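**Q** Dropping a structure here in structure tokens format, bear with me for questions.
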Amino acid sequence: MSDRLQELALTLSGPESQRQTGWVAWHMDYAHPLPEGHRFPMEKYNLLPEQLLFEGTLSPSHFFQPGQLNDQVLHLAHTPEYVNELEGGSISPKAMRKTGFPWSEQLVQRERRIMQGTIQAALHAVENRIGFNIAGGTHHAFREHGEGFCLYNDLALTAFHLLQQGIVRRVLIVDLDVHQGNGTAGIMQGVSEVFTFSMHGEKNYPFRKMQSSLDLSLSDGIGDKEYLKLLDYHLNRILDDFAPDFMLYQCGVDILETDALGRMGISIAGCRERDRLVFKAAERCAIPVCASMGGGYSPQIRSIIEAHANTFRVGLDILG
Ligand SMILES: [Zn+2]
């Protein structure tokens, strides 16, 4: 970790910063150490805030450190059995393998931090139009199991928490990661206050897709023009028909043409235009947005960071 980030971590953990003033959730534990050669690019959770601070898009005062997640909140989206097994380490090796991460106490605590990060960023967004989590978008986590690098589902937890507290009435989850938001769709079956919209690669994982409120399964190699046209049309139609008062945005950057897992053909400029469309649509309908990061597996880490940084630049420009 750089000196700049170490200083940020120190400031955020200090006694004066217990009161949340920033709107970007980050914790030094987000970048969790993984075995050598693991394909998940953990370093992005440090490189992204580093870049945003370096270029001046964000200053240290924009950040906050998520607090402790309450068990009752966790149970809004996950069964006590699953939570107990995962947290106590008695989860079966098979179930753990499905998550893609080796089990450790620190890994579980990290996931709890991330969940709380999205919840607090969303509460900030309710007041100030926009909030971000520099992690999260863990859309493959189901009510009773985790998979695809997701243990708990921050989108579902945040939606349920805001609804339960009576802070919002109707939530739209816009999931633009290249992978379908199968966990979110599964958890939200029959929940009429939440609309799940997923645009994803038809041939990408998960191979057995769940049913979202609206799924757009896109063919391999889809380019900027067609992608953006579909997004613009459907997103605005959903906003008008469903009339949500809050949006959760999963802004994964594995839609990039350079991505090692994704099969789409979206350029960095197209990905930035995607973000602009989403924030502009929210602005038009005067609804707050909380964005969580999602995936990104381009071989060059700089493509991942540039695309994620664009989401902050554009979001701040429109709603900041
Ligand atoms: Zn993904």
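Identifiers in the structure tokens: chain A, B, ... in order shown; residue index from 1 per chain; ligand index from 1 in order shown.
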Neighbours of ligand 1 within 10 Å, counting only C-alpha atoms and all ligand atoms, as JSON, numbers by chain?
**A** {"A": [137, 138, 139, 140, 148, 149, 175, 176, 177, 178, 179, 180, 181, 200, 201, 204, 205, 206, 250, 251, 252, 253, 254, 255, 259, 261, 262, 293, 294, 295, 296, 297]}
**Q** Find the spatial neighbours of Leu319 of chain A, counting only C-alpha atoms, within a cut-off of 7 Å - ignore same-chain residues fewer than 2 positions away - and output them as number ranges by chain.
**A** A: 129-130, 283, 315-317
**Q** Give the answer as one residue: which of A:His124, A:Arg272, A:His27, A:His161 has the shortest atom-to-atom distance to Pro49 of chain A, using only C-alpha atoms?
**A**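 Selected residue with least distance to Pro49 of chain A: A:His27.
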**Q** From the options A:Ala31, A:Leu53, A:Cys150, A:Leu216, which residue's atoms come nearest to Arg313 of chain A, counting only C-alpha atoms?
**A**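 Answer, going by the shortest atom-to-atom distance: A:Leu53.
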**Q** Just the strand (DSSP E) stuff from segment 43-290 of chain A, please, per backbone DSSP, written as number ranges by chain.
**A** A: 63-64, 130-133, 171-175, 194-201, 214-218, 246-250, 289-290
**Q** Go ahead and save the picked residues with N, CA and C atoms, as a PDB file, in the first residue's frame.
**A**
ATOM      1  N   PHE A  63     -13.958  10.058   1.678  1.00  0.00           N
ATOM      2  CA  PHE A  63     -14.018   8.650   2.073  1.00  0.00           C
ATOM      3  C   PHE A  63     -14.563   8.467   3.487  1.00  0.00           C
ATOM      4  N   PHE A  64     -15.122   7.296   3.717  1.00  0.00           N
ATOM      5  CA  PHE A  64     -15.415   6.879   5.099  1.00  0.00           C
ATOM      6  C   PHE A  64     -15.082   5.400   5.233  1.00  0.00           C
ATOM      7  N   ILE A 130     -25.823  10.658  -4.201  1.00  0.00           N
ATOM      8  CA  ILE A 130     -24.873   9.678  -4.710  1.00  0.00           C
ATOM      9  C   ILE A 130     -24.016   9.087  -3.592  1.00  0.00           C
ATOM     10  N   GLY A 131     -23.710   7.803  -3.737  1.00  0.00           N
ATOM     11  CA  GLY A 131     -22.814   7.122  -2.804  1.00  0.00           C
ATOM     12  C   GLY A 131     -22.098   6.012  -3.556  1.00  0.00           C
ATOM     13  N   PHE A 132     -20.911   5.667  -3.086  1.00  0.00           N
ATOM     14  CA  PHE A 132     -20.111   4.632  -3.758  1.00  0.00           C
ATOM     15  C   PHE A 132     -19.520   3.676  -2.739  1.00  0.00           C
ATOM     16  N   ASN A 133     -19.347   2.451  -3.157  1.00  0.00           N
ATOM     17  CA  ASN A 133     -18.529   1.526  -2.391  1.00  0.00           C
ATOM     18  C   ASN A 133     -17.386   1.066  -3.295  1.00  0.00           C
ATOM     19  N   VAL A 171     -37.208  -0.026  -4.978  1.00  0.00           N
ATOM     20  CA  VAL A 171     -35.778  -0.006  -5.336  1.00  0.00           C
ATOM     21  C   VAL A 171     -35.565  -0.662  -6.697  1.00  0.00           C
ATOM     22  N   LEU A 172     -34.800   0.021  -7.531  1.00  0.00           N
ATOM     23  CA  LEU A 172     -34.368  -0.568  -8.803  1.00  0.00           C
ATOM     24  C   LEU A 172     -32.910  -0.981  -8.681  1.00  0.00           C
ATOM     25  N   ILE A 173     -32.640  -2.249  -8.989  1.00  0.00           N
ATOM     26  CA  ILE A 173     -31.255  -2.722  -9.025  1.00  0.00           C
ATOM     27  C   ILE A 173     -30.837  -2.858 -10.486  1.00  0.00           C
ATOM     28  N   VAL A 174     -29.903  -2.009 -10.891  1.00  0.00           N
ATOM     29  CA  VAL A 174     -29.400  -2.038 -12.269  1.00  0.00           C
ATOM     30  C   VAL A 174     -28.057  -2.762 -12.249  1.00  0.00           C
ATOM     31  N   ASP A 175     -28.016  -3.914 -12.875  1.00  0.00           N
ATOM     32  CA  ASP A 175     -26.819  -4.759 -12.821  1.00  0.00           C
ATOM     33  C   ASP A 175     -26.211  -4.862 -14.219  1.00  0.00           C
ATOM     34  N   VAL A 194     -38.965  -4.466  -5.251  1.00  0.00           N
ATOM     35  CA  VAL A 194     -37.642  -4.403  -5.876  1.00  0.00           C
ATOM     36  C   VAL A 194     -37.721  -4.891  -7.318  1.00  0.00           C
ATOM     37  N   PHE A 195     -37.168  -4.079  -8.241  1.00  0.00           N
ATOM     38  CA  PHE A 195     -37.092  -4.471  -9.643  1.00  0.00           C
ATOM     39  C   PHE A 195     -35.640  -4.794  -9.952  1.00  0.00           C
ATOM     40  N   THR A 196     -35.380  -5.997 -10.467  1.00  0.00           N
ATOM     41  CA  THR A 196     -34.016  -6.371 -10.818  1.00  0.00           C
ATOM     42  C   THR A 196     -33.851  -6.348 -12.338  1.00  0.00           C
ATOM     43  N   PHE A 197     -32.894  -5.549 -12.791  1.00  0.00           N
ATOM     44  CA  PHE A 197     -32.616  -5.399 -14.224  1.00  0.00           C
ATOM     45  C   PHE A 197     -31.167  -5.818 -14.462  1.00  0.00           C
ATOM     46  N   SER A 198     -30.992  -6.867 -15.245  1.00  0.00           N
ATOM     47  CA  SER A 198     -29.648  -7.368 -15.507  1.00  0.00           C
ATOM     48  C   SER A 198     -29.383  -7.423 -17.010  1.00  0.00           C
ATOM     49  N   MET A 199     -28.305  -6.784 -17.428  1.00  0.00           N
ATOM     50  CA  MET A 199     -27.828  -6.901 -18.814  1.00  0.00           C
ATOM     51  C   MET A 199     -26.513  -7.656 -18.738  1.00  0.00           C
ATOM     52  N   HIS A 200     -26.421  -8.784 -19.438  1.00  0.00           N
ATOM     53  CA  HIS A 200     -25.252  -9.652 -19.251  1.00  0.00           C
ATOM     54  C   HIS A 200     -24.980 -10.467 -20.510  1.00  0.00           C
ATOM     55  N   GLY A 201     -23.809 -11.097 -20.518  1.00  0.00           N
ATOM     56  CA  GLY A 201     -23.444 -11.941 -21.652  1.00  0.00           C
ATOM     57  C   GLY A 201     -24.191 -13.262 -21.592  1.00  0.00           C
ATOM     58  N   LEU A 214     -36.210  -8.050 -15.298  1.00  0.00           N
ATOM     59  CA  LEU A 214     -35.897  -7.974 -16.734  1.00  0.00           C
ATOM     60  C   LEU A 214     -34.456  -8.417 -16.967  1.00  0.00           C
ATOM     61  N   ASP A 215     -34.309  -9.404 -17.853  1.00  0.00           N
ATOM     62  CA  ASP A 215     -32.981  -9.873 -18.254  1.00  0.00           C
ATOM     63  C   ASP A 215     -32.765  -9.543 -19.715  1.00  0.00           C
ATOM     64  N   LEU A 216     -31.624  -8.950 -20.016  1.00  0.00           N
ATOM     65  CA  LEU A 216     -31.219  -8.829 -21.415  1.00  0.00           C
ATOM     66  C   LEU A 216     -29.948  -9.657 -21.569  1.00  0.00           C
ATOM     67  N   SER A 217     -30.082 -10.786 -22.241  1.00  0.00           N
ATOM     68  CA  SER A 217     -28.937 -11.671 -22.492  1.00  0.00           C
ATOM     69  C   SER A 217     -28.326 -11.291 -23.821  1.00  0.00           C
ATOM     70  N   LEU A 218     -27.096 -10.823 -23.812  1.00  0.00           N
ATOM     71  CA  LEU A 218     -26.493 -10.247 -25.011  1.00  0.00           C
ATOM     72  C   LEU A 218     -25.504 -11.204 -25.665  1.00  0.00           C
ATOM     73  N   PHE A 246     -35.221   4.751  -5.473  1.00  0.00           N
ATOM     74  CA  PHE A 246     -33.803   4.540  -5.185  1.00  0.00           C
ATOM     75  C   PHE A 246     -33.215   3.579  -6.201  1.00  0.00           C
ATOM     76  N   MET A 247     -31.935   3.805  -6.560  1.00  0.00           N
ATOM     77  CA  MET A 247     -31.275   2.901  -7.502  1.00  0.00           C
ATOM     78  C   MET A 247     -29.967   2.364  -6.918  1.00  0.00           C
ATOM     79  N   LEU A 248     -29.808   1.054  -7.022  1.00  0.00           N
ATOM     80  CA  LEU A 248     -28.530   0.420  -6.715  1.00  0.00           C
ATOM     81  C   LEU A 248     -27.917   0.038  -8.047  1.00  0.00           C
ATOM     82  N   TYR A 249     -26.668   0.451  -8.232  1.00  0.00           N
ATOM     83  CA  TYR A 249     -26.030   0.265  -9.534  1.00  0.00           C
ATOM     84  C   TYR A 249     -24.813  -0.646  -9.383  1.00  0.00           C
ATOM     85  N   GLN A 250     -24.865  -1.814 -10.019  1.00  0.00           N
ATOM     86  CA  GLN A 250     -23.719  -2.722 -10.056  1.00  0.00           C
ATOM     87  C   GLN A 250     -22.976  -2.409 -11.332  1.00  0.00           C
ATOM     88  N   VAL A 289     -28.543   7.378  -6.300  1.00  0.00           N
ATOM     89  CA  VAL A 289     -27.879   6.169  -6.790  1.00  0.00           C
ATOM     90  C   VAL A 289     -26.744   5.786  -5.841  1.00  0.00           C
ATOM     91  N   CYS A 290     -26.693   4.509  -5.519  1.00  0.00           N
ATOM     92  CA  CYS A 290     -25.535   3.982  -4.808  1.00  0.00           C
ATOM     93  C   CYS A 290     -24.873   2.949  -5.725  1.00  0.00           C
TER      94      CYS A 290
END
**Q** For Ser192 of chain A, work out the shell of residues within 12 Å, counting only C-alpha atoms and skipping chain neighbours fewer than 4 positions away, then give it as JSON, numbers by chain.
**A** {"A": [159, 160, 163, 169, 170, 171, 172, 187, 188, 196, 212, 213, 242, 244]}
**Q** Would you write out those residues with all heavy atoms, as a short mmCIF file (atom, residue, chain, number, x, y, z; two decimals), in the first residue's frame?
**A**
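So the final result, stored in out.cif, reads:
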data_model
loop_
_atom_site.label_atom_id
_atom_site.label_comp_id
_atom_site.auth_asym_id
_atom_site.auth_seq_id
_atom_site.Cartn_x
_atom_site.Cartn_y
_atom_site.Cartn_z
N ALA A 159 -30.95 -3.09 -0.27
CA ALA A 159 -32.35 -2.86 -0.67
C ALA A 159 -33.30 -3.21 0.48
O ALA A 159 -34.18 -2.43 0.84
CB ALA A 159 -32.68 -3.70 -1.90
N PHE A 160 -33.08 -4.37 1.09
CA PHE A 160 -33.97 -4.79 2.19
C PHE A 160 -33.87 -3.84 3.39
O PHE A 160 -34.87 -3.51 4.02
CB PHE A 160 -33.62 -6.21 2.64
CG PHE A 160 -34.16 -7.28 1.74
CD1 PHE A 160 -33.40 -8.40 1.43
CD2 PHE A 160 -35.45 -7.20 1.21
CE1 PHE A 160 -33.89 -9.41 0.60
CE2 PHE A 160 -35.95 -8.21 0.37
CZ PHE A 160 -35.17 -9.31 0.07
N LEU A 163 -35.68 -0.58 2.66
CA LEU A 163 -37.13 -0.79 2.64
C LEU A 163 -37.65 -1.02 4.06
O LEU A 163 -38.66 -0.43 4.47
CB LEU A 163 -37.48 -2.01 1.77
CG LEU A 163 -37.34 -1.81 0.26
CD1 LEU A 163 -37.34 -3.15 -0.47
CD2 LEU A 163 -38.47 -0.92 -0.27
N ARG A 169 -39.31 3.29 -0.83
CA ARG A 169 -40.49 2.45 -1.07
C ARG A 169 -40.27 1.43 -2.18
O ARG A 169 -40.77 0.34 -2.15
CB ARG A 169 -41.71 3.31 -1.39
CG ARG A 169 -42.26 4.13 -0.22
CD ARG A 169 -43.40 5.02 -0.66
NE ARG A 169 -42.98 5.87 -1.78
CZ ARG A 169 -43.40 5.72 -3.03
NH1 ARG A 169 -44.27 4.80 -3.34
NH2 ARG A 169 -42.96 6.53 -3.99
N ARG A 170 -39.53 1.85 -3.18
CA ARG A 170 -39.30 0.97 -4.34
C ARG A 170 -37.87 1.12 -4.82
O ARG A 170 -37.40 2.22 -5.07
CB ARG A 170 -40.26 1.36 -5.48
CG ARG A 170 -41.71 1.07 -5.16
CD ARG A 170 -42.63 1.92 -6.03
NE ARG A 170 -42.80 1.37 -7.37
CZ ARG A 170 -43.61 0.36 -7.64
NH1 ARG A 170 -44.29 -0.22 -6.68
NH2 ARG A 170 -43.75 -0.06 -8.87
N VAL A 171 -37.21 -0.03 -4.98
CA VAL A 171 -35.78 -0.01 -5.34
C VAL A 171 -35.57 -0.66 -6.70
O VAL A 171 -36.07 -1.76 -6.96
CB VAL A 171 -34.94 -0.76 -4.28
CG1 VAL A 171 -33.46 -0.76 -4.66
CG2 VAL A 171 -35.13 -0.15 -2.89
N LEU A 172 -34.80 0.02 -7.53
CA LEU A 172 -34.37 -0.57 -8.80
C LEU A 172 -32.91 -0.98 -8.68
O LEU A 172 -32.07 -0.17 -8.29
CB LEU A 172 -34.52 0.46 -9.94
CG LEU A 172 -33.87 0.08 -11.28
CD1 LEU A 172 -34.48 -1.20 -11.85
CD2 LEU A 172 -34.01 1.24 -12.28
N ILE A 187 -32.76 -14.06 -4.74
CA ILE A 187 -33.21 -13.51 -3.45
C ILE A 187 -34.47 -12.65 -3.63
O ILE A 187 -35.35 -12.66 -2.79
CB ILE A 187 -32.08 -12.67 -2.79
CG1 ILE A 187 -30.90 -13.55 -2.39
CG2 ILE A 187 -32.61 -11.91 -1.57
CD1 ILE A 187 -29.66 -12.80 -1.93
N MET A 188 -34.55 -11.95 -4.75
CA MET A 188 -35.65 -11.00 -4.95
C MET A 188 -36.89 -11.60 -5.60
O MET A 188 -37.83 -10.86 -5.92
CB MET A 188 -35.14 -9.81 -5.79
CG MET A 188 -34.14 -8.94 -5.06
SD MET A 188 -34.83 -8.34 -3.49
CE MET A 188 -33.38 -7.57 -2.79
N THR A 196 -35.38 -6.00 -10.47
CA THR A 196 -34.02 -6.37 -10.82
C THR A 196 -33.85 -6.35 -12.34
O THR A 196 -34.58 -7.02 -13.07
CB THR A 196 -33.67 -7.78 -10.28
OG1 THR A 196 -34.69 -8.70 -10.68
CG2 THR A 196 -33.57 -7.79 -8.76
N SER A 212 -34.53 -12.50 -13.54
CA SER A 212 -34.64 -11.15 -12.98
C SER A 212 -35.98 -10.58 -13.42
O SER A 212 -36.67 -11.17 -14.25
CB SER A 212 -33.51 -10.26 -13.52
OG SER A 212 -32.26 -10.90 -13.43
N SER A 213 -36.33 -9.39 -12.91
CA SER A 213 -37.56 -8.73 -13.39
C SER A 213 -37.40 -8.47 -14.88
O SER A 213 -38.34 -8.64 -15.66
CB SER A 213 -37.79 -7.42 -12.66
OG SER A 213 -37.69 -7.59 -11.28
N PHE A 242 -41.84 1.53 -13.46
CA PHE A 242 -41.73 1.01 -12.09
C PHE A 242 -41.68 2.15 -11.07
O PHE A 242 -42.07 1.98 -9.91
CB PHE A 242 -40.50 0.10 -11.97
CG PHE A 242 -40.31 -0.52 -10.62
CD1 PHE A 242 -41.19 -1.50 -10.14
CD2 PHE A 242 -39.24 -0.14 -9.81
CE1 PHE A 242 -41.01 -2.07 -8.89
CE2 PHE A 242 -39.05 -0.71 -8.55
CZ PHE A 242 -39.94 -1.68 -8.10
N PRO A 244 -39.15 3.78 -9.35
CA PRO A 244 -38.42 3.55 -8.09
C PRO A 244 -38.07 4.88 -7.43
O PRO A 244 -38.04 5.91 -8.09
CB PRO A 244 -37.14 2.84 -8.56
CG PRO A 244 -36.92 3.36 -9.94
CD PRO A 244 -38.29 3.58 -10.53
#
**Q** DSSP on the backbone: what in segment 93-136 of chain A comes out alpha helix (DSSP H), as a compact mmCIF listing (two decimals) with N, CA and C atoms, in the first residue's frame?
**A**
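Wrote selection15.txt, looks like this:
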# COMPACT_ATOMS: atom_id res chain seq x y z
N PRO A 93 -16.31 -27.93 2.34
CA PRO A 93 -15.28 -27.55 1.35
C PRO A 93 -15.89 -27.30 -0.03
N LYS A 94 -16.91 -28.09 -0.36
CA LYS A 94 -17.55 -27.95 -1.67
C LYS A 94 -18.24 -26.58 -1.79
N ALA A 95 -18.98 -26.22 -0.74
CA ALA A 95 -19.69 -24.93 -0.76
C ALA A 95 -18.70 -23.78 -0.78
N MET A 96 -17.58 -23.95 -0.10
CA MET A 96 -16.57 -22.89 -0.07
C MET A 96 -15.88 -22.76 -1.42
N ARG A 97 -15.61 -23.92 -2.05
CA ARG A 97 -14.97 -23.90 -3.37
C ARG A 97 -15.80 -23.11 -4.38
N LYS A 98 -17.11 -23.22 -4.24
CA LYS A 98 -18.03 -22.51 -5.14
C LYS A 98 -17.83 -20.99 -5.07
N THR A 99 -17.38 -20.49 -3.91
CA THR A 99 -17.19 -19.04 -3.77
C THR A 99 -15.94 -18.57 -4.52
N GLU A 105 -11.09 -16.40 8.55
CA GLU A 105 -11.82 -15.46 9.40
C GLU A 105 -11.77 -14.04 8.80
N GLN A 106 -10.57 -13.68 8.31
CA GLN A 106 -10.39 -12.33 7.74
C GLN A 106 -11.23 -12.13 6.48
N LEU A 107 -11.34 -13.20 5.68
CA LEU A 107 -12.14 -13.10 4.46
C LEU A 107 -13.60 -12.80 4.80
N VAL A 108 -14.10 -13.47 5.82
CA VAL A 108 -15.50 -13.28 6.22
C VAL A 108 -15.70 -11.88 6.80
N GLN A 109 -14.75 -11.44 7.62
CA GLN A 109 -14.85 -10.10 8.20
C GLN A 109 -14.79 -9.03 7.10
N ARG A 110 -13.94 -9.28 6.11
CA ARG A 110 -13.86 -8.37 4.96
C ARG A 110 -15.20 -8.26 4.26
N GLU A 111 -15.85 -9.41 4.04
CA GLU A 111 -17.15 -9.40 3.36
C GLU A 111 -18.18 -8.61 4.17
N ARG A 112 -18.14 -8.75 5.48
CA ARG A 112 -19.07 -7.99 6.33
C ARG A 112 -18.81 -6.49 6.19
N ARG A 113 -17.55 -6.10 6.14
CA ARG A 113 -17.18 -4.69 5.95
C ARG A 113 -17.76 -4.16 4.64
N ILE A 114 -17.60 -4.99 3.60
CA ILE A 114 -18.08 -4.56 2.28
C ILE A 114 -19.60 -4.37 2.30
N MET A 115 -20.30 -5.29 2.94
CA MET A 115 -21.76 -5.18 3.04
C MET A 115 -22.14 -3.86 3.71
N GLN A 116 -21.48 -3.58 4.84
CA GLN A 116 -21.77 -2.37 5.59
C GLN A 116 -21.39 -1.13 4.77
N GLY A 117 -20.35 -1.26 3.97
CA GLY A 117 -19.92 -0.14 3.11
C GLY A 117 -21.03 0.26 2.15
N THR A 118 -21.65 -0.71 1.51
CA THR A 118 -22.72 -0.38 0.57
C THR A 118 -23.93 0.20 1.31
N ILE A 119 -24.25 -0.39 2.45
CA ILE A 119 -25.40 0.12 3.21
C ILE A 119 -25.18 1.59 3.61
N GLN A 120 -24.00 1.89 4.15
CA GLN A 120 -23.75 3.27 4.57
C GLN A 120 -23.64 4.22 3.38
N ALA A 121 -23.06 3.74 2.28
CA ALA A 121 -22.97 4.59 1.07
C ALA A 121 -24.38 4.89 0.56
N ALA A 122 -25.26 3.90 0.65
CA ALA A 122 -26.65 4.09 0.19
C ALA A 122 -27.37 5.10 1.08
N LEU A 123 -27.14 5.01 2.39
CA LEU A 123 -27.78 5.97 3.30
C LEU A 123 -27.30 7.38 2.99
N HIS A 124 -26.03 7.48 2.64
CA HIS A 124 -25.52 8.79 2.25
C HIS A 124 -26.18 9.26 0.96
N ALA A 125 -26.35 8.34 0.02
CA ALA A 125 -26.97 8.70 -1.26
C ALA A 125 -28.39 9.21 -1.07
N VAL A 126 -29.11 8.62 -0.13
CA VAL A 126 -30.49 9.07 0.13
C VAL A 126 -30.49 10.57 0.45
N GLU A 127 -29.48 11.01 1.19
CA GLU A 127 -29.40 12.42 1.58
C GLU A 127 -28.79 13.30 0.49
N ASN A 128 -27.81 12.73 -0.24
CA ASN A 128 -26.99 13.58 -1.13
C ASN A 128 -26.89 13.06 -2.56
**Q** What does the distance between atom CA of Ile238 of chain A and atom CA of Tyr152 of chain A come to in Å, to one decimal place?
**A**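 Value for the atom CA of Ile238 of chain A-atom CA of Tyr152 of chain A distance: 26.4 Å.
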**Q** Residues within 8 Å of Lys203 of chain A, please, as a ChimeraX atom specification. Count only C-alpha atoms; anything in the same chain fewer than 3 positions from it doesn't count.
**A** /A:207,219-220,263
**Q** List the neighbours of Glu144 of chain A out to 9 Å using only C-alpha atoms; skip same-chain residues closer than 2 positions along the sequence, and give me the result as a PyMOL selection string.
**A** chain A and resi 77-83+141-142+146
**Q** Choose the residue, out of A:Gly183, A:Ala260, A:Ser2, A:Arg274, that has the smallest atom-to-atom separation from Asp224 of chain A; count only C-alpha atoms.
**A** A:Arg274
**Q** Tell me, in Å to one decimal, how far atom CA of Ala307 of chain A is from atom CA of Gly270 of chain A.
**A**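 Separation of atom CA of Ala307 of chain A and atom CA of Gly270 of chain A: 9.7 Å.
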**Q** Do you know which residues are at most 9 Å from Met1 of chain A counting only C-alpha atoms, after dropping those on the same chain fewer than 4 positions away, and could you put them as a tab-separated table (two decimals) with all heavy atoms, in the first residue's frame?
**A**
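Once everything was written out, this is out.tsv:
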chain	number	residue	atom	x	y	z
A	5	LEU	N	-2.22	6.01	0.67
A	5	LEU	CA	-3.32	5.16	1.15
A	5	LEU	C	-3.18	4.83	2.63
A	5	LEU	O	-4.16	4.75	3.35
A	5	LEU	CB	-3.38	3.86	0.35
A	5	LEU	CG	-4.24	3.84	-0.89
A	5	LEU	CD1	-4.59	2.42	-1.26
A	5	LEU	CD2	-5.52	4.65	-0.75
A	6	GLN	N	-1.93	4.64	3.06
A	6	GLN	CA	-1.71	4.35	4.48
A	6	GLN	C	-2.18	5.53	5.33
A	6	GLN	O	-2.79	5.36	6.37
A	6	GLN	CB	-0.25	4.05	4.74
A	6	GLN	CG	0.03	2.59	4.45
A	6	GLN	CD	1.44	2.17	4.74
A	6	GLN	OE1	2.22	2.93	5.24
A	6	GLN	NE2	1.75	0.93	4.42
A	28	MET	N	-9.05	-0.59	4.40
A	28	MET	CA	-7.79	-1.20	3.96
A	28	MET	C	-7.90	-2.72	3.86
A	28	MET	O	-7.17	-3.35	3.11
A	28	MET	CB	-6.62	-0.79	4.87
A	28	MET	CG	-6.77	-1.19	6.30
A	28	MET	SD	-5.42	-0.53	7.32
A	28	MET	CE	-4.08	-1.53	6.71
A	46	ASN	N	-7.06	-1.20	-3.80
A	46	ASN	CA	-6.14	-0.15	-3.37
A	46	ASN	C	-5.79	0.79	-4.52
A	46	ASN	O	-5.67	2.00	-4.33
A	46	ASN	CB	-4.84	-0.75	-2.81
A	46	ASN	CG	-5.05	-1.33	-1.42
A	46	ASN	OD1	-6.02	-0.97	-0.73
A	46	ASN	ND2	-4.17	-2.20	-0.99
A	47	LEU	N	-5.64	0.22	-5.72
A	47	LEU	CA	-5.22	1.05	-6.85
A	47	LEU	C	-6.29	2.06	-7.26
A	47	LEU	O	-5.97	3.18	-7.68
A	47	LEU	CB	-4.87	0.16	-8.05
A	47	LEU	CG	-3.61	-0.69	-7.88
A	47	LEU	CD1	-3.45	-1.66	-9.05
A	47	LEU	CD2	-2.37	0.18	-7.74
**Q** Do a neighbour search on segment 228-230 of chain A at 9 Å with only C-alpha atoms, toss out local chain neighbours closer than 2 positions, and write the hits as a tab-separated table (two decimals) with N, CA, C and O atoms, in the first residue's frame.
**A**
chain	number	residue	atom	x	y	z
A	216	LEU	N	-31.62	-8.95	-20.02
A	216	LEU	CA	-31.22	-8.83	-21.41
A	216	LEU	C	-29.95	-9.66	-21.57
A	216	LEU	O	-28.89	-9.29	-21.04
A	223	GLY	N	-21.20	-4.57	-29.50
A	223	GLY	CA	-20.40	-3.34	-29.49
A	223	GLY	C	-21.10	-2.20	-28.77
A	223	GLY	O	-22.26	-2.32	-28.35
A	224	ASP	N	-20.39	-1.08	-28.65
A	224	ASP	CA	-20.88	0.08	-27.89
A	224	ASP	C	-22.27	0.54	-28.34
A	224	ASP	O	-23.15	0.76	-27.52
A	225	LYS	N	-22.42	0.69	-29.65
A	225	LYS	CA	-23.62	1.33	-30.17
A	225	LYS	C	-24.88	0.55	-29.80
A	225	LYS	O	-25.85	1.10	-29.26
A	226	GLU	N	-24.82	-0.75	-30.08
A	226	GLU	CA	-26.00	-1.58	-29.82
A	226	GLU	C	-26.27	-1.70	-28.32
A	226	GLU	O	-27.41	-1.62	-27.85
A	232	ASP	N	-30.20	2.40	-22.88
A	232	ASP	CA	-30.92	3.67	-22.82
A	232	ASP	C	-32.43	3.42	-22.87
A	232	ASP	O	-33.20	3.94	-22.05
A	233	TYR	N	-32.82	2.60	-23.81
A	233	TYR	CA	-34.26	2.33	-23.98
A	233	TYR	C	-34.86	1.65	-22.76
A	233	TYR	O	-35.85	2.11	-22.18
A	234	HIS	N	-34.25	0.53	-22.35
A	234	HIS	CA	-34.87	-0.26	-21.28
A	234	HIS	C	-34.77	0.42	-19.92
A	234	HIS	O	-35.72	0.38	-19.14
A	235	LEU	N	-33.64	1.03	-19.64
A	235	LEU	CA	-33.50	1.67	-18.33
A	235	LEU	C	-34.53	2.78	-18.15
A	235	LEU	O	-35.21	2.88	-17.12
A	270	GLY	N	-17.05	3.42	-24.35
A	270	GLY	CA	-18.42	2.90	-24.29
A	270	GLY	C	-18.84	2.60	-22.86
A	270	GLY	O	-20.00	2.84	-22.47
A	271	CYS	N	-17.91	2.10	-22.09
A	271	CYS	CA	-18.19	1.79	-20.69
A	271	CYS	C	-18.46	3.08	-19.90
A	271	CYS	O	-19.35	3.13	-19.05
A	273	GLU	N	-19.64	5.81	-21.24
A	273	GLU	CA	-20.94	6.29	-21.73
A	273	GLU	C	-22.08	5.52	-21.04
A	273	GLU	O	-23.13	6.08	-20.74
A	274	ARG	N	-21.86	4.25	-20.79
A	274	ARG	CA	-22.82	3.45	-20.02
A	274	ARG	C	-23.08	4.10	-18.66
A	274	ARG	O	-24.23	4.30	-18.26
A	277	LEU	N	-25.05	7.30	-19.00
A	277	LEU	CA	-26.48	7.03	-19.25
A	277	LEU	C	-27.21	6.72	-17.95
A	277	LEU	O	-28.32	7.19	-17.71
**Q** From the options A:Glu147, A:Arg39, A:Glu257, A:Arg4, which residue's atoms come nearest to Gln51 of chain A, counting only C-alpha atoms?
**A**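 Looking at the shortest contact to Gln51 of chain A, the residue is A:Arg4.
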